[in-house]
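Asker: Got a file for you: run_23.tsv, TSV, C-alpha atoms.
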```tsv
chain	number	residue	atom	x	y	z
A	1	MET	CA	68.33	-133.60	-58.76
A	2	THR	CA	66.47	-131.58	-61.36
A	3	VAL	CA	65.60	-127.92	-61.57
A	4	GLU	CA	61.95	-128.55	-62.43
A	5	VAL	CA	60.84	-131.44	-60.20
A	6	GLY	CA	63.63	-132.21	-57.72
A	7	ILE	CA	64.88	-135.77	-57.37
A	8	ILE	CA	63.95	-138.41	-59.92
A	9	THR	CA	64.92	-142.07	-59.63
A	10	GLY	CA	64.66	-145.22	-61.67
A	11	ASP	CA	65.69	-146.01	-65.20
A	12	LEU	CA	66.81	-142.73	-66.77
A	13	THR	CA	68.09	-141.30	-70.03
A	14	ILE	CA	70.75	-138.59	-69.83
A	15	VAL	CA	71.83	-136.28	-72.65
A	16	THR	CA	74.70	-133.81	-72.58
A	17	THR	CA	74.65	-131.16	-75.29
A	18	ALA	CA	77.37	-128.69	-76.22
A	19	LEU	CA	76.43	-125.03	-76.20
A	20	PRO	CA	78.28	-122.02	-77.59
A	21	GLN	CA	81.21	-120.50	-75.71
A	22	GLY	CA	82.47	-123.76	-74.19
A	23	ARG	CA	79.40	-124.62	-72.15
A	24	ALA	CA	77.08	-127.61	-72.03
A	25	THR	CA	73.64	-128.49	-70.77
A	26	VAL	CA	72.54	-131.78	-69.20
A	27	ALA	CA	68.99	-133.07	-69.57
A	28	ILE	CA	67.50	-136.14	-67.91
A	29	GLN	CA	64.26	-138.06	-68.36
A	30	TYR	CA	62.58	-141.22	-67.20
A	31	LEU	CA	63.33	-143.97	-69.71
A	32	GLY	CA	60.72	-143.81	-72.47
A	33	ALA	CA	59.05	-140.63	-71.17
A	34	GLU	CA	58.46	-137.50	-73.22
A	35	GLU	CA	59.32	-134.92	-70.55
A	36	TRP	CA	62.93	-133.78	-70.17
A	37	TYR	CA	64.27	-132.10	-67.04
A	38	THR	CA	67.35	-129.96	-66.48
A	39	LEU	CA	69.94	-131.50	-64.16
A	40	THR	CA	70.74	-129.05	-61.35
A	41	GLY	CA	73.91	-127.10	-62.14
A	42	SER	CA	73.24	-127.03	-65.87
A	43	PRO	CA	74.34	-125.30	-68.03
A	44	THR	CA	77.97	-125.60	-67.02
A	45	PRO	CA	81.39	-124.90	-68.49
A	46	LEU	CA	82.89	-127.85	-70.36
A	47	PRO	CA	85.77	-129.50	-68.49
A	48	ASP	CA	89.20	-129.98	-70.07
A	49	GLY	CA	88.14	-133.41	-71.37
A	50	GLY	CA	85.22	-131.91	-73.29
A	51	LEU	CA	81.68	-133.18	-73.70
A	52	GLU	CA	82.56	-136.86	-73.29
A	53	ALA	CA	84.31	-136.19	-69.98
A	54	LEU	CA	81.35	-134.18	-68.71
A	55	HIS	CA	78.90	-136.90	-69.73
A	56	ALA	CA	81.00	-139.58	-67.99
A	57	ALA	CA	81.18	-137.48	-64.82
A	58	VAL	CA	77.41	-136.93	-64.87
A	59	LEU	CA	76.80	-140.67	-65.27
A	60	ASP	CA	79.06	-141.35	-62.28
A	61	GLN	CA	77.15	-138.80	-60.19
A	62	VAL	CA	73.74	-140.19	-61.15
A	63	ARG	CA	74.81	-143.80	-60.59
A	64	SER	CA	76.02	-142.88	-57.10
A	65	GLY	CA	72.41	-142.18	-56.14
A	66	GLN	CA	73.27	-139.19	-53.97
A	67	SER	CA	71.03	-136.39	-55.30
A	68	ALA	CA	73.30	-135.96	-58.31
A	69	GLU	CA	73.99	-132.56	-59.81
A	70	VAL	CA	76.23	-131.51	-62.67
A	71	PRO	CA	79.82	-131.98	-61.42
A	72	ARG	CA	81.83	-128.81	-60.93
```
In structure tokens, write the structure found in this file.
Answerer:
Amino acid sequence: MTVEVGIITGDLTIVTTALPQGRATVAIQYLGAEEWYTLTGSPTPLPDGGLEALHAAVLDQVRSGQSAEVPR
């Protein structure tokens, strides 16, 4: 689920980026596309496991296929 266009499906690229003050943003795009979209719930506080843990959780959510949002 994205802020800009709602649900996107198919082959996707996902990037998690650290922000100041212990937060992160998650962007998603169709594989090979130029447009990036903000995953709903982003930006978000980093979990205890840091950026890698957040990225892994996002991948799990997206792979589940259930209108994924940034895990809380």
Asker: Find the residues near stretch 57-72 of chain A: any atom within 8 Å, counting all atoms listed in the file, skip ones fewer than 3 places away on the same chain, and give them as a PDB file with C-alpha atoms, keeping the file's coordinate frame.
Answerer:
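To be explicit, this is the file written out as selection.pdb:
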```
ATOM      1  CA  MET A   1      68.330-133.600 -58.760  1.00  0.00           C
ATOM      2  CA  THR A   2      66.470-131.580 -61.360  1.00  0.00           C
ATOM      3  CA  ILE A   7      64.880-135.770 -57.370  1.00  0.00           C
ATOM      4  CA  ILE A  14      70.750-138.590 -69.830  1.00  0.00           C
ATOM      5  CA  VAL A  26      72.540-131.780 -69.200  1.00  0.00           C
ATOM      6  CA  LEU A  39      69.940-131.500 -64.160  1.00  0.00           C
ATOM      7  CA  THR A  40      70.740-129.050 -61.350  1.00  0.00           C
ATOM      8  CA  GLY A  41      73.910-127.100 -62.140  1.00  0.00           C
ATOM      9  CA  SER A  42      73.240-127.030 -65.870  1.00  0.00           C
ATOM     10  CA  THR A  44      77.970-125.600 -67.020  1.00  0.00           C
ATOM     11  CA  ALA A  53      84.310-136.190 -69.980  1.00  0.00           C
ATOM     12  CA  LEU A  54      81.350-134.180 -68.710  1.00  0.00           C
TER      13      LEU A  54
END
```
Asker: Counting only C-alpha atoms, which of A:Pro43, A:Val3, A:Ala56, A:Gly49 gets nearest to A:Gln21?
Answerer: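 Among the listed residues, A:Pro43 lies closest to A:Gln21.
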Asker: Do you know which residues are at most 12 Å from A:Ala33 counting only C-alpha atoms, after dropping those on the same chain fewer than 6 positions away, and could you put them as a list in words?
Answerer: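 Returned residues: Gly10, Asp11, Leu12, Thr13 and Ile14 of chain A.
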Asker: Please, what distance in Å, to one decimal, runs between atom CA of A:Val5 and atom CA of A:Ala27?
Answerer: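 Pair atom CA of A:Val5 / atom CA of A:Ala27 returns 12.5 Å.
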Asker: Which residue out of A:Gly32, A:Thr17, A:Thr9, A:Tyr37 has the minimum interatomic distance to A:Leu51 when all atoms listed in the file are used?
Answerer: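 Counting all atoms listed in the file, the residue closest to A:Leu51 is A:Thr17.
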Asker: What is the atom CA of A:Leu19 to atom CA of A:Leu46 distance in Å?
Answerer: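 Computing the Euclidean distance for atom CA of A:Leu19 and atom CA of A:Leu46 yields 9.2 Å.
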Asker: Do you have the atom CA of A:His55-atom CA of A:Glu4 distance handy?
Answerer: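 Pair atom CA of A:His55 / atom CA of A:Glu4 returns 20.3 Å.
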Asker: Considering only C-alpha atoms, can you say which of A:Ala18, A:Glu52, A:Gly6, A:Arg23 comes closest to A:Thr38?
Answerer: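 Once distances to A:Thr38 are computed over only C-alpha atoms, the minimum belongs to A:Gly6.
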Asker: With N, CA, C and O atoms as the target, complete stretch 12-26 of chain A and hand it back as a PDB file, in the coordinates of the input.
Answerer:
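Saved file result-v8.pdb follows:
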```pdb
ATOM      1  N   LEU A  12      66.758-144.096 -66.247  1.00  0.00           N
ATOM      2  CA  LEU A  12      66.810-142.730 -66.770  1.00  0.00           C
ATOM      3  C   LEU A  12      67.608-142.668 -68.072  1.00  0.00           C
ATOM      4  O   LEU A  12      68.473-143.491 -68.326  1.00  0.00           O
ATOM      5  N   THR A  13      67.312-141.658 -68.856  1.00  0.00           N
ATOM      6  CA  THR A  13      68.090-141.300 -70.030  1.00  0.00           C
ATOM      7  C   THR A  13      68.728-139.948 -69.754  1.00  0.00           C
ATOM      8  O   THR A  13      68.057-139.042 -69.258  1.00  0.00           O
ATOM      9  N   ILE A  14      70.021-139.827 -70.082  1.00  0.00           N
ATOM     10  CA  ILE A  14      70.750-138.590 -69.830  1.00  0.00           C
ATOM     11  C   ILE A  14      71.401-138.134 -71.125  1.00  0.00           C
ATOM     12  O   ILE A  14      72.039-138.932 -71.815  1.00  0.00           O
ATOM     13  N   VAL A  15      71.240-136.848 -71.445  1.00  0.00           N
ATOM     14  CA  VAL A  15      71.830-136.280 -72.650  1.00  0.00           C
ATOM     15  C   VAL A  15      72.634-135.044 -72.279  1.00  0.00           C
ATOM     16  O   VAL A  15      72.129-134.155 -71.582  1.00  0.00           O
ATOM     17  N   THR A  16      73.884-135.006 -72.726  1.00  0.00           N
ATOM     18  CA  THR A  16      74.700-133.810 -72.580  1.00  0.00           C
ATOM     19  C   THR A  16      74.841-133.173 -73.958  1.00  0.00           C
ATOM     20  O   THR A  16      75.101-133.860 -74.942  1.00  0.00           O
ATOM     21  N   THR A  17      74.643-131.867 -74.019  1.00  0.00           N
ATOM     22  CA  THR A  17      74.650-131.160 -75.290  1.00  0.00           C
ATOM     23  C   THR A  17      75.573-129.948 -75.201  1.00  0.00           C
ATOM     24  O   THR A  17      75.468-129.156 -74.262  1.00  0.00           O
ATOM     25  N   ALA A  18      76.461-129.835 -76.188  1.00  0.00           N
ATOM     26  CA  ALA A  18      77.370-128.690 -76.220  1.00  0.00           C
ATOM     27  C   ALA A  18      76.596-127.433 -76.580  1.00  0.00           C
ATOM     28  O   ALA A  18      75.683-127.453 -77.405  1.00  0.00           O
ATOM     29  N   LEU A  19      76.977-126.349 -75.940  1.00  0.00           N
ATOM     30  CA  LEU A  19      76.430-125.030 -76.200  1.00  0.00           C
ATOM     31  C   LEU A  19      77.552-124.122 -76.690  1.00  0.00           C
ATOM     32  O   LEU A  19      78.725-124.466 -76.550  1.00  0.00           O
ATOM     33  N   PRO A  20      77.224-122.963 -77.201  1.00  0.00           N
ATOM     34  CA  PRO A  20      78.280-122.020 -77.590  1.00  0.00           C
ATOM     35  C   PRO A  20      79.132-121.598 -76.398  1.00  0.00           C
ATOM     36  O   PRO A  20      78.710-121.713 -75.251  1.00  0.00           O
ATOM     37  N   GLN A  21      80.295-121.086 -76.694  1.00  0.00           N
ATOM     38  CA  GLN A  21      81.210-120.500 -75.710  1.00  0.00           C
ATOM     39  C   GLN A  21      81.695-121.500 -74.660  1.00  0.00           C
ATOM     40  O   GLN A  21      81.880-121.160 -73.497  1.00  0.00           O
ATOM     41  N   GLY A  22      81.879-122.780 -75.074  1.00  0.00           N
ATOM     42  CA  GLY A  22      82.470-123.760 -74.190  1.00  0.00           C
ATOM     43  C   GLY A  22      81.624-124.197 -73.020  1.00  0.00           C
ATOM     44  O   GLY A  22      82.144-124.542 -71.965  1.00  0.00           O
ATOM     45  N   ARG A  23      80.319-124.197 -73.211  1.00  0.00           N
ATOM     46  CA  ARG A  23      79.400-124.620 -72.150  1.00  0.00           C
ATOM     47  C   ARG A  23      78.605-125.812 -72.621  1.00  0.00           C
ATOM     48  O   ARG A  23      78.607-126.159 -73.796  1.00  0.00           O
ATOM     49  N   ALA A  24      77.917-126.466 -71.692  1.00  0.00           N
ATOM     50  CA  ALA A  24      77.080-127.610 -72.030  1.00  0.00           C
ATOM     51  C   ALA A  24      75.873-127.647 -71.105  1.00  0.00           C
ATOM     52  O   ALA A  24      75.888-127.109 -69.997  1.00  0.00           O
ATOM     53  N   THR A  25      74.841-128.294 -71.576  1.00  0.00           N
ATOM     54  CA  THR A  25      73.640-128.490 -70.770  1.00  0.00           C
ATOM     55  C   THR A  25      73.421-129.990 -70.601  1.00  0.00           C
ATOM     56  O   THR A  25      73.820-130.780 -71.458  1.00  0.00           O
ATOM     57  N   VAL A  26      72.815-130.378 -69.482  1.00  0.00           N
ATOM     58  CA  VAL A  26      72.540-131.780 -69.200  1.00  0.00           C
ATOM     59  C   VAL A  26      71.045-131.919 -68.944  1.00  0.00           C
ATOM     60  O   VAL A  26      70.480-131.246 -68.080  1.00  0.00           O
TER      61      VAL A  26
END
```
